[in-house]
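Data block for query-v4.txt (compact mmCIF, C-alpha atoms):
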```
# COMPACT_ATOMS: atom_id res chain seq x y z
CA MET A 1 -29.43 78.14 12.13
CA SER A 2 -28.21 81.48 13.43
CA ARG A 3 -26.90 84.17 11.12
CA LEU A 4 -23.38 83.60 12.53
CA ALA A 5 -23.52 79.83 12.05
CA ALA A 6 -24.81 80.30 8.51
CA LYS A 7 -22.01 82.74 7.71
CA PHE A 8 -19.26 80.44 8.97
CA GLU A 9 -20.80 77.49 7.12
CA GLU A 10 -20.98 79.54 3.92
CA LEU A 11 -17.34 80.59 4.30
CA SER A 12 -16.19 77.06 5.07
CA LYS A 13 -17.85 75.69 1.93
CA ALA A 14 -16.13 78.43 -0.08
CA GLY A 15 -12.75 77.73 1.53
CA ARG A 16 -12.58 81.24 2.98
CA LYS A 17 -12.08 82.70 6.44
CA ALA A 18 -14.08 85.40 8.21
CA LEU A 19 -12.78 88.95 8.34
CA ILE A 20 -14.14 90.46 11.58
CA PRO A 21 -13.44 94.18 12.17
CA PHE A 22 -14.17 95.85 15.50
CA ILE A 23 -15.03 99.50 16.05
CA THR A 24 -16.40 101.27 19.10
CA ALA A 25 -19.93 102.62 18.68
CA GLY A 26 -19.96 106.40 18.68
CA ASP A 27 -16.22 106.89 18.06
CA PRO A 28 -15.29 109.57 17.12
CA HIS A 29 -18.94 110.62 16.75
CA PRO A 30 -22.22 108.67 16.61
CA ASP A 31 -22.81 109.88 13.03
CA PHE A 32 -19.61 108.09 11.94
CA THR A 33 -20.52 104.57 13.10
CA VAL A 34 -23.23 103.30 10.73
CA PRO A 35 -21.60 104.61 7.51
CA MET A 36 -18.32 103.04 8.70
CA MET A 37 -20.08 99.71 9.28
CA HIS A 38 -21.49 99.70 5.75
CA ALA A 39 -18.08 100.69 4.34
CA MET A 40 -16.43 97.80 6.19
CA VAL A 41 -18.90 95.33 4.68
CA LYS A 42 -18.16 96.67 1.21
CA ALA A 43 -14.43 96.27 1.95
CA GLY A 44 -14.90 92.57 2.68
CA ALA A 45 -15.97 92.25 6.32
CA ASP A 46 -17.98 89.10 7.02
CA VAL A 47 -18.96 89.86 10.63
CA ILE A 48 -18.86 93.16 12.54
CA GLU A 49 -18.02 93.42 16.22
CA LEU A 50 -19.52 96.62 17.60
CA GLY A 51 -17.99 97.76 20.87
CA VAL A 52 -20.24 99.20 23.57
CA PRO A 53 -18.40 102.18 25.15
CA PHE A 54 -17.56 101.59 28.79
CA SER A 55 -15.74 103.71 31.33
CA ASP A 56 -13.61 100.86 32.75
CA PRO A 57 -12.71 98.55 29.86
CA MET A 58 -10.14 96.42 31.69
CA ALA A 59 -9.39 94.06 28.79
CA ASP A 60 -8.72 96.89 26.36
CA GLY A 61 -5.46 98.70 25.79
CA PRO A 62 -5.03 102.49 25.64
CA VAL A 63 -6.17 102.77 22.01
CA ILE A 64 -9.61 101.26 22.61
CA GLN A 65 -9.85 102.90 26.03
CA ARG A 66 -9.52 106.29 24.33
CA ALA A 67 -12.15 105.25 21.76
CA SER A 68 -14.57 104.59 24.63
CA GLU A 69 -13.72 107.95 26.16
CA ARG A 70 -14.41 109.77 22.88
CA ALA A 71 -17.73 107.94 22.47
CA LEU A 72 -18.77 108.61 26.06
CA GLU A 73 -18.14 112.31 25.50
CA HIS A 74 -21.08 112.06 23.09
CA LYS A 75 -23.19 110.34 25.78
CA MET A 76 -23.07 106.99 24.01
CA SER A 77 -24.67 104.16 25.95
CA LEU A 78 -25.81 100.60 25.48
CA ARG A 79 -29.26 101.82 24.37
CA LYS A 80 -27.71 104.22 21.86
CA THR A 81 -25.41 101.47 20.58
CA LEU A 82 -28.45 99.27 19.98
CA ALA A 83 -30.10 102.19 18.18
CA LEU A 84 -27.09 102.38 15.83
CA ALA A 85 -27.41 98.65 15.20
CA LYS A 86 -31.08 99.12 14.27
CA GLU A 87 -30.07 101.91 11.91
CA PHE A 88 -27.50 99.59 10.28
CA ARG A 89 -30.14 96.88 9.86
CA LYS A 90 -32.36 99.18 7.80
CA THR A 91 -30.13 98.53 4.80
CA ASP A 92 -28.15 95.42 5.79
CA THR A 93 -30.10 92.41 7.02
CA THR A 94 -27.47 89.80 6.26
CA THR A 95 -24.15 90.74 7.90
CA PRO A 96 -23.83 89.15 11.36
CA LEU A 97 -23.49 91.76 14.09
CA VAL A 98 -21.87 91.04 17.47
CA LEU A 99 -22.03 93.36 20.46
CA MET A 100 -18.78 93.35 22.47
CA GLY A 101 -18.56 94.96 25.86
CA TYR A 102 -18.84 94.61 29.61
CA LEU A 103 -21.49 93.38 32.00
CA ASN A 104 -22.25 96.54 33.97
CA PRO A 105 -24.37 98.30 31.29
CA ILE A 106 -26.27 95.06 30.67
CA GLU A 107 -26.98 94.62 34.37
CA ALA A 108 -28.09 98.24 34.58
CA MET A 109 -30.57 97.67 31.74
CA GLY A 110 -31.69 94.32 33.16
CA TYR A 111 -30.99 90.98 31.50
CA GLU A 112 -34.46 90.48 30.04
CA ASN A 113 -34.78 94.08 28.84
CA PHE A 114 -31.36 93.77 27.22
CA ALA A 115 -32.18 90.47 25.53
CA ASN A 116 -35.42 91.93 24.17
CA ALA A 117 -33.69 95.09 22.93
CA ALA A 118 -30.86 93.10 21.32
CA GLN A 119 -33.38 90.89 19.55
CA GLU A 120 -35.29 93.96 18.33
CA ALA A 121 -32.01 95.40 16.99
CA GLN A 122 -31.28 92.08 15.22
CA ILE A 123 -28.07 91.47 17.11
CA ASP A 124 -26.60 88.05 16.33
CA GLY A 125 -24.06 87.57 19.11
CA VAL A 126 -23.04 89.06 22.45
CA LEU A 127 -19.51 88.88 23.82
CA THR A 128 -19.38 90.06 27.41
CA VAL A 129 -15.74 90.31 28.42
CA ASP A 130 -16.22 90.13 32.18
CA LEU A 131 -19.10 87.65 32.46
CA PRO A 132 -17.72 84.26 33.55
CA PRO A 133 -19.84 81.51 31.99
CA GLU A 134 -20.26 79.99 35.44
CA GLU A 135 -22.17 83.13 36.47
CA GLY A 136 -23.94 83.84 33.21
CA GLU A 137 -26.62 81.19 33.09
CA GLU A 138 -29.56 83.60 33.35
CA CYS A 139 -28.25 86.09 30.78
CA MET A 140 -27.09 83.39 28.36
CA GLY A 141 -30.41 81.58 28.63
CA LEU A 142 -32.34 84.72 27.75
CA LEU A 143 -30.08 85.38 24.76
CA LYS A 144 -30.27 81.83 23.47
CA ALA A 145 -34.06 81.88 23.77
CA ARG A 146 -33.96 84.76 21.30
CA SER A 147 -31.50 83.03 18.92
CA ILE A 148 -28.64 85.33 19.96
CA ASP A 149 -25.27 83.57 20.29
CA PRO A 150 -23.30 84.02 23.53
CA ILE A 151 -19.64 84.21 22.51
CA PHE A 152 -16.79 83.46 24.90
CA LEU A 153 -13.13 84.33 25.08
CA LEU A 154 -10.32 81.80 25.25
CA ALA A 155 -6.81 82.70 26.35
CA PRO A 156 -3.36 81.16 25.74
CA ASN A 157 -3.59 79.53 29.17
CA SER A 158 -7.12 78.15 28.76
CA SER A 159 -7.15 74.45 29.67
CA GLU A 160 -8.72 71.73 27.55
CA GLU A 161 -11.47 71.44 30.15
CA ARG A 162 -12.12 75.17 29.84
CA VAL A 163 -12.35 74.92 26.07
CA ARG A 164 -14.89 72.10 26.35
CA LYS A 165 -16.96 74.17 28.77
CA MET A 166 -16.96 77.18 26.40
CA ASP A 167 -17.86 74.89 23.55
CA LYS A 168 -20.83 73.57 25.52
CA LEU A 169 -22.12 76.95 26.71
CA GLY A 170 -21.24 79.14 23.73
CA SER A 171 -22.39 79.31 20.13
CA GLY A 172 -21.61 81.26 16.97
CA TYR A 173 -17.84 81.15 17.41
CA LEU A 174 -15.15 81.21 20.05
CA TYR A 175 -12.85 84.22 20.31
CA TYR A 176 -9.24 83.24 20.91
CA VAL A 177 -7.23 86.03 22.57
CA SER A 178 -3.88 85.31 21.00
CA LEU A 179 -1.80 87.48 23.35
CA LYS A 180 -1.45 87.67 27.09
CA GLY A 181 -2.39 91.24 27.98
CA VAL A 182 -4.78 93.86 26.68
CA THR A 183 -5.88 94.68 23.14
CA GLY A 184 -3.21 96.18 20.92
CA ALA A 185 -0.35 94.80 23.01
CA GLY A 186 2.75 93.22 21.51
CA HIS A 187 3.21 91.11 18.41
CA LEU A 188 1.82 87.72 17.56
CA ASN A 189 3.92 84.60 17.89
CA THR A 190 2.12 82.68 15.17
CA SER A 191 3.81 79.38 16.06
CA ASP A 192 2.37 79.61 19.56
CA VAL A 193 -1.05 80.50 18.14
CA GLU A 194 -0.95 77.56 15.74
CA ASN A 195 -0.01 75.12 18.50
CA LYS A 196 -2.78 76.42 20.78
CA LEU A 197 -5.35 76.21 17.99
CA LYS A 198 -4.63 72.50 17.57
CA GLN A 199 -5.55 71.98 21.22
CA ILE A 200 -8.66 74.16 20.92
CA ARG A 201 -9.90 72.48 17.75
CA ALA A 202 -9.61 69.07 19.41
CA ASN A 203 -12.10 70.24 22.03
CA THR A 204 -14.68 72.30 20.18
CA ARG A 205 -17.18 72.05 17.35
CA LEU A 206 -17.33 75.85 16.99
CA PRO A 207 -15.39 78.08 14.58
CA VAL A 208 -12.52 79.98 16.18
CA GLY A 209 -11.85 83.67 15.53
CA ILE A 210 -8.39 84.96 16.46
CA GLY A 211 -7.90 88.48 17.75
CA PHE A 212 -5.47 90.75 19.64
CA GLY A 213 -2.28 91.51 17.69
CA VAL A 214 -3.50 91.46 14.07
CA LYS A 215 -2.07 94.64 12.62
CA ASP A 216 -1.63 94.27 8.83
CA ALA A 217 -2.50 92.24 5.76
CA GLU A 218 0.40 89.82 6.16
CA THR A 219 -0.54 89.01 9.77
CA ALA A 220 -4.15 88.57 8.69
CA ARG A 221 -3.06 86.11 5.97
CA ILE A 222 -1.05 84.04 8.43
CA VAL A 223 -3.78 84.04 11.06
CA ALA A 224 -6.41 83.12 8.46
CA ASN A 225 -4.41 79.99 7.71
CA ILE A 226 -4.65 79.00 11.37
CA GLY A 227 -8.17 79.98 12.53
CA ASP A 228 -11.63 80.39 11.04
CA GLY A 229 -11.77 84.15 11.48
CA VAL A 230 -9.46 87.14 11.88
CA VAL A 231 -10.49 89.88 14.32
CA ILE A 232 -8.93 93.34 13.98
CA GLY A 233 -9.64 96.20 16.33
CA SER A 234 -6.90 98.44 17.71
CA THR A 235 -5.28 99.09 14.32
CA LEU A 236 -8.61 100.32 12.95
CA ILE A 237 -9.23 102.47 15.99
CA SER A 238 -5.74 103.96 15.58
CA LYS A 239 -6.71 105.19 12.13
CA ILE A 240 -9.79 106.88 13.58
CA GLU A 241 -7.66 108.47 16.30
CA ALA A 242 -5.09 109.72 13.77
CA ASN A 243 -7.79 111.46 11.75
CA LEU A 244 -10.12 112.91 14.36
CA HIS A 245 -10.54 116.09 12.36
CA ASP A 246 -11.00 114.23 9.07
CA PRO A 247 -13.38 111.27 9.61
CA GLU A 248 -13.68 110.64 5.88
CA ARG A 249 -9.91 110.16 5.74
CA ALA A 250 -10.17 107.69 8.63
CA LYS A 251 -12.88 105.77 6.80
CA GLN A 252 -10.82 105.67 3.64
CA GLU A 253 -7.74 104.34 5.48
CA ILE A 254 -9.80 101.66 7.24
CA VAL A 255 -11.37 100.56 3.96
CA GLU A 256 -7.95 100.37 2.33
CA LEU A 257 -6.56 98.22 5.16
CA LEU A 258 -9.55 95.87 5.27
CA SER A 259 -9.48 95.49 1.49
CA ALA A 260 -5.80 94.58 1.65
CA MET A 261 -6.52 92.08 4.43
CA ARG A 262 -9.38 90.56 2.46
CA GLN A 263 -7.18 90.14 -0.57
CA ALA A 264 -4.33 88.63 1.49
CA MET A 265 -6.68 86.22 3.30
CA ASP A 266 -8.21 85.02 0.03
CA SER A 267 -4.91 84.62 -1.82
```

Show me, as structure tokens, the structure contained in the file I just sent.
Amino acid sequence: MSRLAAKFEELSKAGRKALIPFITAGDPHPDFTVPMMHAMVKAGADVIELGVPFSDPMADGPVIQRASERALEHKMSLRKTLALAKEFRKTDTTTPLVLMGYLNPIEAMGYENFANAAQEAQIDGVLTVDLPPEEGEECMGLLKARSIDPIFLLAPNSSEERVRKMDKLGSGYLYYVSLKGVTGAGHLNTSDVENKLKQIRANTRLPVGIGFGVKDAETARIVANIGDGVVIGSTLISKIEANLHDPERAKQEIVELLSAMRQAMDS
């Protein structure tokens, strides 16, 4: 059983839902990332999504785009992101770690080289935003051979057939993009999300994490009652951006928000 599957099983038995924060590796500085990851775990994170900085992140809104730009100013790359993951693993061998990014850096490294490097860094899942499953057989096969879960996105307009295909090809969990648009856009219509989740659950055996639009503890509580996991990204990145000259303040504000979300989700 993969580390992700074990985590979701553990949470299900405990009647709890996964808190899944996202940060971009190297934002605002590479030295910030690993301490922030450990702080998020202490604040109640169950899984960490670590963004790989990319110059053309088409699914991300301005907040995460700027995070990539800040990280790229420090020459962050896929290899350096994997190095940060290895650093994190020196003192945390239990928290599932998911790389989230785009295909170009993976292609540049080479599928097999990437799969080997991700395995060496003890990565548990890979979510490649712009890799259609129909074209990802080679990459997904290499990841699965190394017990790394390929994770796929579902959208509000995903058909039942599409959900079944993602269920068949993916593992770990499915990521439901609860809004039409980019990250950080708009506000959640939780009734729509709840209705869509009923359709998704009828067509998958995998846990479903819900992201895009989760901004505060109350939203996290509502979403936790609908899905199996709550993904939060842009709001955390906003706190980094608001405290570029005081990273410790940014870390403190992120810990406070995640702690409040954890408490609300468990209440």

Which polymer residues, protein or nucleic acid, are no farther than 12 Å from (-31.7, 100.5, 17.4), counting only C-alpha atoms, as an mmCIF file with C-alpha atoms, in the coordinates of the input?
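What follows is the written file out_37.cif:
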```cif
data_model
loop_
_atom_site.group_PDB
_atom_site.id
_atom_site.type_symbol
_atom_site.label_atom_id
_atom_site.label_comp_id
_atom_site.auth_asym_id
_atom_site.auth_seq_id
_atom_site.Cartn_x
_atom_site.Cartn_y
_atom_site.Cartn_z
ATOM 1 C CA VAL A 34 -23.230 103.300 10.730
ATOM 2 C CA SER A 77 -24.670 104.160 25.950
ATOM 3 C CA LEU A 78 -25.810 100.600 25.480
ATOM 4 C CA ARG A 79 -29.260 101.820 24.370
ATOM 5 C CA LYS A 80 -27.710 104.220 21.860
ATOM 6 C CA THR A 81 -25.410 101.470 20.580
ATOM 7 C CA LEU A 82 -28.450 99.270 19.980
ATOM 8 C CA ALA A 83 -30.100 102.190 18.180
ATOM 9 C CA LEU A 84 -27.090 102.380 15.830
ATOM 10 C CA ALA A 85 -27.410 98.650 15.200
ATOM 11 C CA LYS A 86 -31.080 99.120 14.270
ATOM 12 C CA GLU A 87 -30.070 101.910 11.910
ATOM 13 C CA PHE A 88 -27.500 99.590 10.280
ATOM 14 C CA ARG A 89 -30.140 96.880 9.860
ATOM 15 C CA LYS A 90 -32.360 99.180 7.800
ATOM 16 C CA PHE A 114 -31.360 93.770 27.220
ATOM 17 C CA ASN A 116 -35.420 91.930 24.170
ATOM 18 C CA ALA A 117 -33.690 95.090 22.930
ATOM 19 C CA ALA A 118 -30.860 93.100 21.320
ATOM 20 C CA GLN A 119 -33.380 90.890 19.550
ATOM 21 C CA GLU A 120 -35.290 93.960 18.330
ATOM 22 C CA ALA A 121 -32.010 95.400 16.990
ATOM 23 C CA GLN A 122 -31.280 92.080 15.220
ATOM 24 C CA ILE A 123 -28.070 91.470 17.110
#
```

If we count only C-alpha atoms, what is near A:Ser158 at a cut-off of 10 Å, once residues fewer than 4 positions away on the same chain are taken out, given as an MDAnalysis selection string? chainID A and resid 153:154 162:163 176 196 199:200

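When atom CA of A:Tyr102 is paired with atom CA of A:Pro156, their separation reads 20.9 Å.
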
Would you kindly return, as a ChimeraX atom specification, each protein, DNA or RNA residue with an atom no farther than 10 Å from any atom of stretch 241-249 of chain A, considering all atoms listed in the file and excluding same-chain residues fewer than 2 positions away? /A:27-29,32,36,63-64,66-67,70,235-239,251-255

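Going from atom CA of A:Ile210 over to atom CA of A:Val230, you cover 5.2 Å.
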
Would you list the contacts of A:Thr24 as a PDB file with C-alpha atoms, keeping the file's coordinate frame, taking every protein, DNA or RNA residue within 9 Å and counting only C-alpha atoms, but skipping same-chain residues closer than 6 positions in sequence?
```pdb
ATOM      1  CA  THR A  33     -20.520 104.570  13.100  1.00  0.00           C
ATOM      2  CA  GLU A  49     -18.020  93.420  16.220  1.00  0.00           C
ATOM      3  CA  LEU A  50     -19.520  96.620  17.600  1.00  0.00           C
ATOM      4  CA  GLY A  51     -17.990  97.760  20.870  1.00  0.00           C
ATOM      5  CA  VAL A  52     -20.240  99.200  23.570  1.00  0.00           C
ATOM      6  CA  PRO A  53     -18.400 102.180  25.150  1.00  0.00           C
ATOM      7  CA  ILE A  64      -9.610 101.260  22.610  1.00  0.00           C
ATOM      8  CA  ALA A  67     -12.150 105.250  21.760  1.00  0.00           C
ATOM      9  CA  SER A  68     -14.570 104.590  24.630  1.00  0.00           C
ATOM     10  CA  ALA A  71     -17.730 107.940  22.470  1.00  0.00           C
ATOM     11  CA  MET A 100     -18.780  93.350  22.470  1.00  0.00           C
ATOM     12  CA  GLY A 233      -9.640  96.200  16.330  1.00  0.00           C
ATOM     13  CA  ILE A 237      -9.230 102.470  15.990  1.00  0.00           C
TER      14      ILE A 237
END
```

Per-residue nearest contacts stretch 111-166 of chain A to stretch 201-205 of chain A, cut-off 10 Å, using only C-alpha atoms, as CSV:
```
residue,atom,partner,partner_atom,distance
A:Glu160,CA,A:Asn203,CA,6.6
A:Glu161,CA,A:Asn203,CA,8.2
A:Arg162,CA,A:Asn203,CA,9.2
A:Val163,CA,A:Asn203,CA,6.2
A:Arg164,CA,A:Asn203,CA,5.5
A:Lys165,CA,A:Thr204,CA,9.1
A:Met166,CA,A:Thr204,CA,8.2
```

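The gap separating atom CA of A:Met76 from atom CA of A:Tyr173 is 27.2 Å, in Å to one decimal.
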
Can you tell me which residues surround A:Ile106 at a distance of at most 10 Å, considering all atoms listed in the file, apart from same-chain residues fewer than 5 positions away, and format the answer as a PyMOL selection string? chain A and resi 78-79+101+111-115+128+139

Write out as a list in words the residues lying within 6 Å of A:Leu19, counting only C-alpha atoms and excluding same-chain residues fewer than 3 positions away. Ala45, Asp46, Gly229 and Val230 of chain A

Pick the closest to A:Pro57 from A:Asp266, A:Glu10, A:Asp192, A:Glu69: which is it, counting only C-alpha atoms? A:Glu69

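For the choices A:Phe212, A:Phe54, A:Tyr175, A:Phe8, the atom-to-atom distance to A:Pro96 is smallest for A:Phe8 when using all atoms listed in the file.
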
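Minimum distance to A:Ala18 across A:Ser55, A:Ser178, A:Asn189, A:Thr95 (counting all atoms listed in the file) occurs at A:Thr95.
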
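Shortest atom-to-atom contact with A:Asp149 among A:Ser191, A:Pro62, A:Leu99, A:Pro30: A:Leu99, counting all atoms listed in the file.
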
Best match for closeness to A:Lys198 among A:Glu138, A:Glu218, A:Asn104, A:Gly227, counting all atoms listed in the file: A:Gly227

Which residue of A:Ala43, A:Leu142, A:Ala224, A:Leu206 approaches A:Thr190 most closely, using all atoms listed in the file: A:Ala224

Can you rebuild stretch 5-40 of chain A with N, CA and C atoms and give it as a PDB file, keeping the file's coordinate frame?
```
ATOM      1  N   ALA A   5     -23.807  81.204  12.477  1.00  0.00           N
ATOM      2  CA  ALA A   5     -23.520  79.830  12.050  1.00  0.00           C
ATOM      3  C   ALA A   5     -23.621  79.710  10.538  1.00  0.00           C
ATOM      4  N   ALA A   6     -24.638  80.349   9.959  1.00  0.00           N
ATOM      5  CA  ALA A   6     -24.810  80.300   8.510  1.00  0.00           C
ATOM      6  C   ALA A   6     -23.629  80.945   7.791  1.00  0.00           C
ATOM      7  N   LYS A   7     -23.147  82.053   8.339  1.00  0.00           N
ATOM      8  CA  LYS A   7     -22.010  82.740   7.710  1.00  0.00           C
ATOM      9  C   LYS A   7     -20.758  81.869   7.726  1.00  0.00           C
ATOM     10  N   PHE A   8     -20.453  81.278   8.891  1.00  0.00           N
ATOM     11  CA  PHE A   8     -19.260  80.440   8.970  1.00  0.00           C
ATOM     12  C   PHE A   8     -19.401  79.190   8.096  1.00  0.00           C
ATOM     13  N   GLU A   9     -20.604  78.647   7.992  1.00  0.00           N
ATOM     14  CA  GLU A   9     -20.800  77.490   7.120  1.00  0.00           C
ATOM     15  C   GLU A   9     -20.597  77.885   5.659  1.00  0.00           C
ATOM     16  N   GLU A  10     -21.142  79.032   5.296  1.00  0.00           N
ATOM     17  CA  GLU A  10     -20.980  79.540   3.920  1.00  0.00           C
ATOM     18  C   GLU A  10     -19.497  79.745   3.594  1.00  0.00           C
ATOM     19  N   LEU A  11     -18.770  80.344   4.530  1.00  0.00           N
ATOM     20  CA  LEU A  11     -17.340  80.590   4.300  1.00  0.00           C
ATOM     21  C   LEU A  11     -16.564  79.290   4.216  1.00  0.00           C
ATOM     22  N   SER A  12     -16.897  78.339   5.072  1.00  0.00           N
ATOM     23  CA  SER A  12     -16.190  77.060   5.070  1.00  0.00           C
ATOM     24  C   SER A  12     -16.369  76.348   3.733  1.00  0.00           C
ATOM     25  N   LYS A  13     -17.587  76.349   3.226  1.00  0.00           N
ATOM     26  CA  LYS A  13     -17.850  75.690   1.930  1.00  0.00           C
ATOM     27  C   LYS A  13     -17.074  76.371   0.806  1.00  0.00           C
ATOM     28  N   ALA A  14     -16.853  77.676   0.956  1.00  0.00           N
ATOM     29  CA  ALA A  14     -16.130  78.430  -0.080  1.00  0.00           C
ATOM     30  C   ALA A  14     -14.621  78.406   0.144  1.00  0.00           C
ATOM     31  N   GLY A  15     -14.184  77.775   1.235  1.00  0.00           N
ATOM     32  CA  GLY A  15     -12.750  77.730   1.530  1.00  0.00           C
ATOM     33  C   GLY A  15     -12.188  79.075   1.935  1.00  0.00           C
ATOM     34  N   ARG A  16     -13.022  79.912   2.581  1.00  0.00           N
ATOM     35  CA  ARG A  16     -12.580  81.240   2.980  1.00  0.00           C
ATOM     36  C   ARG A  16     -12.690  81.399   4.487  1.00  0.00           C
ATOM     37  N   LYS A  17     -12.053  82.418   5.017  1.00  0.00           N
ATOM     38  CA  LYS A  17     -12.080  82.700   6.440  1.00  0.00           C
ATOM     39  C   LYS A  17     -12.759  84.048   6.698  1.00  0.00           C
ATOM     40  N   ALA A  18     -13.303  84.197   7.890  1.00  0.00           N
ATOM     41  CA  ALA A  18     -14.080  85.400   8.210  1.00  0.00           C
ATOM     42  C   ALA A  18     -13.162  86.574   8.568  1.00  0.00           C
ATOM     43  N   LEU A  19     -13.437  87.694   7.967  1.00  0.00           N
ATOM     44  CA  LEU A  19     -12.780  88.950   8.340  1.00  0.00           C
ATOM     45  C   LEU A  19     -13.734  89.695   9.285  1.00  0.00           C
ATOM     46  N   ILE A  20     -13.263  89.948  10.525  1.00  0.00           N
ATOM     47  CA  ILE A  20     -14.140  90.460  11.580  1.00  0.00           C
ATOM     48  C   ILE A  20     -13.557  91.753  12.154  1.00  0.00           C
ATOM     49  N   PRO A  21     -13.923  92.907  11.595  1.00  0.00           N
ATOM     50  CA  PRO A  21     -13.440  94.180  12.170  1.00  0.00           C
ATOM     51  C   PRO A  21     -14.243  94.597  13.395  1.00  0.00           C
ATOM     52  N   PHE A  22     -13.551  95.299  14.283  1.00  0.00           N
ATOM     53  CA  PHE A  22     -14.170  95.850  15.500  1.00  0.00           C
ATOM     54  C   PHE A  22     -14.021  97.362  15.482  1.00  0.00           C
ATOM     55  N   ILE A  23     -15.100  98.063  15.766  1.00  0.00           N
ATOM     56  CA  ILE A  23     -15.030  99.500  16.050  1.00  0.00           C
ATOM     57  C   ILE A  23     -15.885  99.768  17.285  1.00  0.00           C
ATOM     58  N   THR A  24     -15.619 100.881  17.927  1.00  0.00           N
ATOM     59  CA  THR A  24     -16.400 101.270  19.100  1.00  0.00           C
ATOM     60  C   THR A  24     -17.556 102.162  18.649  1.00  0.00           C
ATOM     61  N   ALA A  25     -18.758 101.825  19.051  1.00  0.00           N
ATOM     62  CA  ALA A  25     -19.930 102.620  18.680  1.00  0.00           C
ATOM     63  C   ALA A  25     -19.795 104.049  19.185  1.00  0.00           C
ATOM     64  N   GLY A  26     -19.980 105.001  18.269  1.00  0.00           N
ATOM     65  CA  GLY A  26     -19.960 106.400  18.680  1.00  0.00           C
ATOM     66  C   GLY A  26     -18.593 107.063  18.616  1.00  0.00           C
ATOM     67  N   ASP A  27     -17.570 106.333  18.164  1.00  0.00           N
ATOM     68  CA  ASP A  27     -16.220 106.890  18.060  1.00  0.00           C
ATOM     69  C   ASP A  27     -15.891 107.215  16.604  1.00  0.00           C
ATOM     70  N   PRO A  28     -15.477 108.406  16.249  1.00  0.00           N
ATOM     71  CA  PRO A  28     -15.290 109.570  17.120  1.00  0.00           C
ATOM     72  C   PRO A  28     -16.584 110.340  17.355  1.00  0.00           C
ATOM     73  N   HIS A  29     -17.644 109.946  16.620  1.00  0.00           N
ATOM     74  CA  HIS A  29     -18.940 110.620  16.750  1.00  0.00           C
ATOM     75  C   HIS A  29     -20.018 109.598  16.349  1.00  0.00           C
ATOM     76  N   PRO A  30     -21.179 109.639  16.969  1.00  0.00           N
ATOM     77  CA  PRO A  30     -22.220 108.670  16.610  1.00  0.00           C
ATOM     78  C   PRO A  30     -22.577 108.673  15.121  1.00  0.00           C
ATOM     79  N   ASP A  31     -22.472 109.826  14.460  1.00  0.00           N
ATOM     80  CA  ASP A  31     -22.810 109.880  13.030  1.00  0.00           C
ATOM     81  C   ASP A  31     -21.827 109.103  12.164  1.00  0.00           C
ATOM     82  N   PHE A  32     -20.651 108.786  12.713  1.00  0.00           N
ATOM     83  CA  PHE A  32     -19.610 108.090  11.940  1.00  0.00           C
ATOM     84  C   PHE A  32     -19.869 106.590  11.872  1.00  0.00           C
ATOM     85  N   THR A  33     -20.534 106.026  12.892  1.00  0.00           N
ATOM     86  CA  THR A  33     -20.520 104.570  13.100  1.00  0.00           C
ATOM     87  C   THR A  33     -21.225 103.790  11.991  1.00  0.00           C
ATOM     88  N   VAL A  34     -22.478 104.110  11.698  1.00  0.00           N
ATOM     89  CA  VAL A  34     -23.230 103.300  10.730  1.00  0.00           C
ATOM     90  C   VAL A  34     -22.625 103.382   9.323  1.00  0.00           C
ATOM     91  N   PRO A  35     -22.270 104.585   8.812  1.00  0.00           N
ATOM     92  CA  PRO A  35     -21.600 104.610   7.510  1.00  0.00           C
ATOM     93  C   PRO A  35     -20.303 103.805   7.505  1.00  0.00           C
ATOM     94  N   MET A  36     -19.566 103.828   8.631  1.00  0.00           N
ATOM     95  CA  MET A  36     -18.320 103.040   8.700  1.00  0.00           C
ATOM     96  C   MET A  36     -18.631 101.554   8.646  1.00  0.00           C
ATOM     97  N   MET A  37     -19.702 101.125   9.313  1.00  0.00           N
ATOM     98  CA  MET A  37     -20.080  99.710   9.280  1.00  0.00           C
ATOM     99  C   MET A  37     -20.396  99.270   7.852  1.00  0.00           C
ATOM    100  N   HIS A  38     -21.161 100.062   7.139  1.00  0.00           N
ATOM    101  CA  HIS A  38     -21.490  99.700   5.750  1.00  0.00           C
ATOM    102  C   HIS A  38     -20.218  99.687   4.878  1.00  0.00           C
ATOM    103  N   ALA A  39     -19.326 100.634   5.121  1.00  0.00           N
ATOM    104  CA  ALA A  39     -18.080 100.690   4.340  1.00  0.00           C
ATOM    105  C   ALA A  39     -17.222  99.456   4.625  1.00  0.00           C
ATOM    106  N   MET A  40     -17.220  98.988   5.864  1.00  0.00           N
ATOM    107  CA  MET A  40     -16.430  97.800   6.190  1.00  0.00           C
ATOM    108  C   MET A  40     -16.981  96.561   5.487  1.00  0.00           C
TER     109      MET A  40
END
```
